[in-house]
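Asks: Have a look at this one before I ask anything.
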Amino acid sequence: MKTAEINELTVAEIKERIEASKAELVRLKLNHAVSPVENTNVIKNSRRDIARMLTVLRQKENLNQ
């Protein structure tokens, strides 16, 4: 997910996506522990997407204050 796409979302939508992405990341890590995933970049990209969303969320919250 690109930063431009995240900027278009509302604060509530970003929070929902963060929670969903965190749950997916946990699932990916558990699956990788049981049987190695072919493409481990999926885990790295998921972490980075969460970080991007958290950054944009923090920026939007600071703008509102």
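Every chain in the structure tokens takes a letter, A first, then B, and so on in the order presented; its residues are numbered from 1, and the ligands are numbered from 1 following the presented order.
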Could you list, as a list in words, every residue within 9 Å of stretch 43-50 of chain A, counting only C-alpha atoms and ignoring same-chain residues fewer than 2 positions away?

Replies: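 Non-adjacent residues within range: Met1, Lys2, Thr3, Arg17, Ile18, Glu19, Ser21, Lys22, Glu24, Leu25, Leu28, Lys29, Asn39, Thr40, Asn41, Arg52, Met53, Leu54 and Thr55 of chain A.
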
Asks: Can you tell me which residues surround A:Val11 at a distance of at most 8 Å, considering only C-alpha atoms, apart from same-chain residues fewer than 5 positions away, and format the answer as a PyMOL selection string?

Replies: chain A and resi 57+60-61

Asks: Atom CA of A:Gln59 to atom CA of A:Arg27: how many Å, to one decimal?

Replies: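 One can read the atom CA of A:Gln59 to atom CA of A:Arg27 distance as 28.1 Å.
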
Asks: Please compute the atom CA of A:Leu9-atom CA of A:Val42 distance, one decimal, in Å.

Replies: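 It comes out at 22.8 Å.
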
Asks: Between atom CA of A:Glu38 and atom CA of A:Lys15, what is the distance in Å, rounded to a tenth?

Replies: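 Separation between atom CA of A:Glu38 and atom CA of A:Lys15: 29.4 Å.
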
Asks: Among chain A, which ones does DSSP assign to helix (DSSP H, G or I) (computed from the backbone)? Answer as a VMD selection string.

Replies: chain A and resid 3 to 7 11 to 34 41 to 64
